[in-house]
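A.B. asks: Pasting my_file37.pdb here (PDB, C-alpha atoms (C1' of nucleotides)):
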```
ATOM      1  CA  MET Z   1     168.639 154.115 129.592
ATOM      2  CA  ALA Z   2     168.589 151.692 126.676
ATOM      3  CA  TYR Z   3     170.397 151.817 123.359
ATOM      4  CA  TRP Z   4     169.162 151.099 119.845
ATOM      5  CA  LEU Z   5     170.302 150.972 116.261
ATOM      6  CA  MET Z   6     168.067 152.566 113.635
ATOM      7  CA  LYS Z   7     168.592 152.120 109.904
ATOM      8  CA  SER Z   8     167.911 154.618 107.182
ATOM      9  CA  GLU Z   9     168.857 154.765 103.551
ATOM     10  CA  PRO Z  10     170.972 157.911 103.213
ATOM     11  CA  GLY Z  11     169.340 158.596  99.838
ATOM     12  CA  GLU Z  12     166.042 158.867 101.720
ATOM     13  CA  TYR Z  13     167.200 160.431 104.972
ATOM     14  CA  SER Z  14     170.813 160.732 106.110
ATOM     15  CA  ILE Z  15     172.686 161.783 109.251
ATOM     16  CA  ASP Z  16     173.329 165.121 107.541
ATOM     17  CA  ASP Z  17     169.599 165.617 107.112
ATOM     18  CA  LEU Z  18     169.063 164.935 110.821
ATOM     19  CA  GLU Z  19     171.886 167.290 111.799
ATOM     20  CA  ARG Z  20     170.191 170.009 109.738
ATOM     21  CA  ASP Z  21     166.670 169.263 111.024
ATOM     22  CA  GLY Z  22     167.570 168.695 114.680
ATOM     23  CA  VAL Z  23     164.390 166.757 115.482
ATOM     24  CA  GLU Z  24     162.618 164.482 113.009
ATOM     25  CA  PRO Z  25     159.669 162.039 113.099
ATOM     26  CA  TRP Z  26     161.144 158.618 112.303
ATOM     27  CA  ASP Z  27     158.380 157.552 109.917
ATOM     28  CA  GLY Z  28     157.895 154.647 107.555
ATOM     29  CA  ILE Z  29     158.097 151.736 109.982
ATOM     30  CA  ARG Z  30     156.012 148.976 108.414
ATOM     31  CA  ASN Z  31     157.081 145.901 110.319
ATOM     32  CA  TYR Z  32     155.072 144.655 113.302
ATOM     33  CA  GLN Z  33     158.056 143.498 115.320
ATOM     34  CA  VAL Z  34     159.683 146.902 114.975
ATOM     35  CA  ARG Z  35     156.436 148.716 115.689
ATOM     36  CA  ASN Z  36     155.953 146.716 118.884
ATOM     37  CA  MET Z  37     159.469 147.544 120.051
ATOM     38  CA  ILE Z  38     159.132 151.274 119.497
ATOM     39  CA  ARG Z  39     155.708 151.204 121.153
ATOM     40  CA  ASP Z  40     156.410 148.957 124.144
ATOM     41  CA  THR Z  41     160.120 148.837 124.863
ATOM     42  CA  MET Z  42     161.604 152.109 123.693
ATOM     43  CA  GLN Z  43     161.655 154.969 126.214
ATOM     44  CA  VAL Z  44     162.042 158.708 125.942
ATOM     45  CA  GLY Z  45     165.694 159.444 126.697
ATOM     46  CA  ASP Z  46     167.011 156.272 125.058
ATOM     47  CA  GLN Z  47     169.806 156.788 122.591
ATOM     48  CA  ALA Z  48     170.323 155.252 119.174
ATOM     49  CA  ILE Z  49     172.990 154.731 116.584
ATOM     50  CA  PHE Z  50     172.103 156.126 113.163
ATOM     51  CA  TYR Z  51     172.953 153.493 110.550
ATOM     52  CA  HIS Z  52     173.159 154.017 106.792
ATOM     53  CA  SER Z  53     171.828 150.999 104.887
ATOM     54  CA  SER Z  54     171.474 150.106 101.197
ATOM     55  CA  CYS Z  55     174.245 152.441 100.122
ATOM     56  CA  LYS Z  56     177.831 152.481  98.940
ATOM     57  CA  VAL Z  57     179.391 152.306 102.416
ATOM     58  CA  PRO Z  58     176.895 150.858 104.901
ATOM     59  CA  GLY Z  59     177.712 151.595 108.525
ATOM     60  CA  ALA Z  60     177.178 153.581 111.721
ATOM     61  CA  VAL Z  61     177.351 157.339 111.172
ATOM     62  CA  GLY Z  62     176.172 159.067 114.343
ATOM     63  CA  THR Z  63     173.924 159.093 117.382
ATOM     64  CA  MET Z  64     170.496 160.439 118.304
ATOM     65  CA  GLU Z  65     168.052 160.526 121.195
ATOM     66  CA  ILE Z  66     164.443 159.373 121.418
ATOM     67  CA  VAL Z  67     162.456 162.494 122.359
ATOM     68  CA  SER Z  68     158.772 161.540 122.039
ATOM     69  CA  GLU Z  69     156.325 158.838 122.986
ATOM     70  CA  ALA Z  70     155.019 156.632 120.168
ATOM     71  CA  TYR Z  71     152.269 158.271 118.107
ATOM     72  CA  PRO Z  72     150.511 157.504 114.802
ATOM     73  CA  ASP Z  73     152.663 157.793 111.676
ATOM     74  CA  PRO Z  74     150.800 160.281 109.444
ATOM     75  CA  THR Z  75     152.297 158.838 106.251
ATOM     76  CA  GLN Z  76     150.100 155.741 106.587
ATOM     77  CA  PHE Z  77     147.049 157.902 105.756
ATOM     78  CA  ASP Z  78     148.638 159.868 102.909
ATOM     79  CA  ALA Z  79     147.668 158.280  99.588
ATOM     80  CA  ASN Z  80     150.535 160.084  97.901
ATOM     81  CA  ASP Z  81     153.149 158.733 100.281
ATOM     82  CA  LYS Z  82     155.109 155.618  99.442
ATOM     83  CA  HIS Z  83     154.306 154.284 102.913
ATOM     84  CA  PHE Z  84     150.543 154.721 102.476
ATOM     85  CA  ASP Z  85     148.554 151.859 104.018
ATOM     86  CA  ALA Z  86     144.938 151.717 102.827
ATOM     87  CA  LYS Z  87     144.116 149.089 105.432
ATOM     88  CA  SER Z  88     145.075 151.176 108.424
ATOM     89  CA  ASP Z  89     142.064 152.388 110.402
ATOM     90  CA  PRO Z  90     142.289 156.069 111.436
ATOM     91  CA  GLU Z  91     140.396 155.158 114.625
ATOM     92  CA  ASN Z  92     143.037 152.573 115.448
ATOM     93  CA  PRO Z  93     146.202 153.396 113.515
ATOM     94  CA  ARG Z  94     148.363 150.452 112.648
ATOM     95  CA  TRP Z  95     151.722 152.235 112.402
ATOM     96  CA  LEU Z  96     153.482 154.379 114.969
ATOM     97  CA  LEU Z  97     156.613 156.463 115.109
ATOM     98  CA  ARG Z  98     158.748 158.428 117.537
ATOM     99  CA  ASP Z  99     160.580 161.701 117.188
ATOM    100  CA  VAL Z 100     164.360 161.525 117.309
ATOM    101  CA  LYS Z 101     166.843 164.312 118.043
ATOM    102  CA  PHE Z 102     170.320 164.698 116.559
ATOM    103  CA  LEU Z 103     173.142 164.127 119.055
ATOM    104  CA  SER Z 104     176.327 163.589 117.077
ATOM    105  CA  LYS Z 105     177.775 162.811 113.701
ATOM    106  CA  PHE Z 106     180.820 160.526 113.687
ATOM    107  CA  GLU Z 107     184.060 161.832 112.185
ATOM    108  CA  ARG Z 108     183.875 158.888 109.825
ATOM    109  CA  THR Z 109     181.596 155.976 108.966
ATOM    110  CA  VAL Z 110     182.152 152.936 111.162
ATOM    111  CA  THR Z 111     181.601 150.469 108.355
ATOM    112  CA  LEU Z 112     179.609 147.278 108.433
ATOM    113  CA  LYS Z 113     182.804 145.518 107.428
ATOM    114  CA  GLU Z 114     184.575 146.759 110.560
ATOM    115  CA  LEU Z 115     181.626 145.903 112.767
ATOM    116  CA  LYS Z 116     181.574 142.365 111.400
ATOM    117  CA  ALA Z 117     185.278 141.917 112.051
ATOM    118  CA  HIS Z 118     185.421 143.456 115.525
ATOM    119  CA  PRO Z 119     185.925 141.175 118.548
ATOM    120  CA  GLY Z 120     183.045 141.505 120.991
ATOM    121  CA  LEU Z 121     180.428 142.122 118.309
ATOM    122  CA  GLU Z 122     179.855 138.503 117.360
ATOM    123  CA  ASP Z 123     176.348 138.667 118.831
ATOM    124  CA  PHE Z 124     175.504 142.019 117.278
ATOM    125  CA  GLN Z 125     172.172 141.691 115.479
ATOM    126  CA  LEU Z 126     173.479 143.509 112.443
ATOM    127  CA  ASN Z 127     175.966 140.706 111.958
ATOM    128  CA  LYS Z 128     173.426 137.946 112.185
ATOM    129  CA  ARG Z 129     172.233 136.114 109.138
ATOM    130  CA  GLY Z 130     168.912 137.265 107.760
ATOM    131  CA  ASN Z 131     168.786 140.390 109.898
ATOM    132  CA  ARG Z 132     166.182 142.648 108.369
ATOM    133  CA  LEU Z 133     164.769 144.639 111.257
ATOM    134  CA  SER Z 134     165.206 148.365 110.731
ATOM    135  CA  ILE Z 135     165.418 148.975 114.501
ATOM    136  CA  PHE Z 136     166.847 146.687 117.173
ATOM    137  CA  PRO Z 137     168.362 146.944 120.656
ATOM    138  CA  VAL Z 138     172.085 147.447 121.243
ATOM    139  CA  SER Z 139     173.729 146.354 124.501
ATOM    140  CA  ASP Z 140     175.811 148.694 126.676
ATOM    141  CA  LYS Z 141     178.908 146.771 125.701
ATOM    142  CA  GLN Z 142     178.150 146.950 121.968
ATOM    143  CA  TRP Z 143     177.367 150.655 122.255
ATOM    144  CA  LYS Z 144     180.720 151.371 123.922
ATOM    145  CA  ILE Z 145     182.627 149.375 121.320
ATOM    146  CA  ILE Z 146     180.980 151.127 118.379
ATOM    147  CA  LEU Z 147     181.360 154.632 119.834
ATOM    148  CA  GLY Z 148     184.966 153.758 120.599
ATOM    149  CA  LEU Z 149     185.532 153.028 116.922
ATOM    150  CA  ALA Z 150     184.002 156.298 115.774
TER
ATOM    151  C1'  DG O 151     170.988 143.977  89.104
ATOM    152  C1'  DC O 152     171.273 139.689  91.697
ATOM    153  C1'  DC O 153     169.974 136.909  95.316
ATOM    154  C1'  DA O 154     169.281 135.110 100.115
ATOM    155  C1'  DA O 155     166.345 135.649 103.864
ATOM    156  C1'  DC O 156     162.198 136.249 105.663
ATOM    157  C1'  DG O 157     157.563 138.735 106.252
ATOM    158  C1'  DT O 158     152.841 139.048 104.408
ATOM    159  C1'  DT O 159     148.890 137.660 101.803
ATOM    160  C1'  DG O 160     145.260 134.918 100.406
ATOM    161  C1'  DG O 161     143.255 130.561  98.572
ATOM    162  C1'  DC O 162     141.915 126.367 100.228
TER
ATOM    163  C1'  DG V 163     145.977 126.517 109.934
ATOM    164  C1'  DC V 164     148.865 125.343 105.892
ATOM    165  C1'  DC V 165     151.606 126.821 102.325
ATOM    166  C1'  DA V 166     152.702 128.787  97.757
ATOM    167  C1'  DA V 167     153.249 133.127  95.743
ATOM    168  C1'  DC V 168     154.762 137.421  96.144
ATOM    169  C1'  DG V 169     157.007 141.611  98.148
ATOM    170  C1'  DT V 170     160.765 143.799 100.720
ATOM    171  C1'  DT V 171     165.274 144.333 102.760
ATOM    172  C1'  DG V 172     169.859 145.009 102.200
ATOM    173  C1'  DG V 173     174.587 143.389 101.163
ATOM    174  C1'  DC V 174     177.356 142.638  97.384
TER
END
```
Once more with this new file: its structure as structure tokens, please.
C.D. replies:
Amino acid sequence: MAYWLMKSEPGEYSIDDLERDGVEPWDGIRNYQVRNMIRDTMQVGDQAIFYHSSCKVPGAVGTMEIVSEAYPDPTQFDANDKHFDAKSDPENPRWLLRDVKFLSKFERTVTLKELKAHPGLEDFQLNKRGNRLSIFPVSDKQWKIILGLA
DNA sequence: GCCAACGTTGGC
DNA sequence: GCCAACGTTGGC
């Protein structure tokens, strides 16, 4: 089983929203590198850290499980959606998503600041300069460290 | 709101 | 295929 980190702006969709919904399609991916990873590398049963980005206290807030194969993101065909993509062909959809299931909410936010300062996380992608991918892999070691902090 | 980083677009 | 312009991400 592999581990991931998945970012969401809590103003758009937070860990509390996922706890309430249980299972949710993780839509809005509009980056080819990320799309390729969720299509080709991610597996049903993988687990992911839920990360709050672009907010007052950015950080890891909980965990979830990947519970579906990749399938077309319906928001790409919805002209009223902010993720609408007029160039995506319905016969060959450009953007995919997977369903995720709530597993846990941390007692507290493990902040970006802590993650940056923690020994053993020097290679963590979140801490790398220019990191902008909304989903990326997390190693077993990194996963254990972060859950240990929660 | 600012800005660095980097992806995408489109003219040539 | 190059590259300038533009858009987006995301921390601060």
A.B. asks: Apply the PyMOL selection byres ((chain O) within 12 of (chain Z)) to the file shown and report the selected residues as a list in words.
C.D. replies: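 Answer for the PyMOL selection byres ((chain O) within 12 of (chain Z)): DA154, DA155, DC156, DG157 and DT158 of chain O.
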A.B. asks: List the residues selected by the PyMOL selection byres ((chain Z and resi 96) around 9) in the file shown, writing them as a PyMOL selection string.
C.D. replies: chain Z and resi 27-30+35-36+38-39+70-74+93-95+97-98
A.B. asks: Would you work out the distance separating atom CA of Glu19 of chain Z from atom CA of Cys55 of chain Z, expressed in Å to one decimal?
C.D. replies: 19.0 Å
A.B. asks: Which polymer residues have any atom within 9 Å of an atom of Thr111 of chain Z, counting only C-alpha atoms (C1' of nucleotides), with same-chain residues fewer than 3 positions away left out, as number ranges by chain?
C.D. replies: Z: 57-61, 108, 114-116
A.B. asks: Go ahead and write the residues just picked, C-alpha atoms, as a PDB file, in the frame of the given file.
C.D. replies:
```pdb
ATOM      1  CA  VAL Z  57     179.391 152.306 102.416  1.00  0.00           C
ATOM      2  CA  PRO Z  58     176.895 150.858 104.901  1.00  0.00           C
ATOM      3  CA  GLY Z  59     177.712 151.595 108.525  1.00  0.00           C
ATOM      4  CA  ALA Z  60     177.178 153.581 111.721  1.00  0.00           C
ATOM      5  CA  VAL Z  61     177.351 157.339 111.172  1.00  0.00           C
ATOM      6  CA  ARG Z 108     183.875 158.888 109.825  1.00  0.00           C
ATOM      7  CA  GLU Z 114     184.575 146.759 110.560  1.00  0.00           C
ATOM      8  CA  LEU Z 115     181.626 145.903 112.767  1.00  0.00           C
ATOM      9  CA  LYS Z 116     181.574 142.365 111.400  1.00  0.00           C
TER      10      LYS Z 116
END
```
A.B. asks: So which residues get picked by the PyMOL selection byres ((chain Z and resi 133-145) around 9) here, written as a PyMOL selection string?
C.D. replies: (chain Z and resi 2-8+29+31+33-34+37-38+48-49+118+120-121+124-126+131-132+146-150) or (chain V and resi 171)
A.B. asks: Take atom CA of Phe77 of chain Z and atom CA of His52 of chain Z and report the distance between them in Å, one decimal.
C.D. replies: 26.4 Å
A.B. asks: Provide the atom C1' of DG163 of chain V to atom CA of Asp40 of chain Z distance in Å, to one decimal place.
C.D. replies: 28.5 Å
A.B. asks: Pick out the residues sitting within 8 Å of Ile15 of chain Z, and hand them over as a ChimeraX atom specification; count only C-alpha atoms (C1' of nucleotides), and ignore anything fewer than 5 positions along from it in its own chain.
C.D. replies: /Z:10,50,61-62,105
A.B. asks: Report, as AutoDock Vina command-line options, the centre and edge lengths in Å (one decimal) of the axis-aligned box enclosing every listed atom of segment 153-161 of chain O, padded by 8 Å on each side.
C.D. replies:
```
--center_x 156.6 --center_y 134.8 --center_z 100.8 --size_x 42.7 --size_y 24.5 --size_z 26.9
```
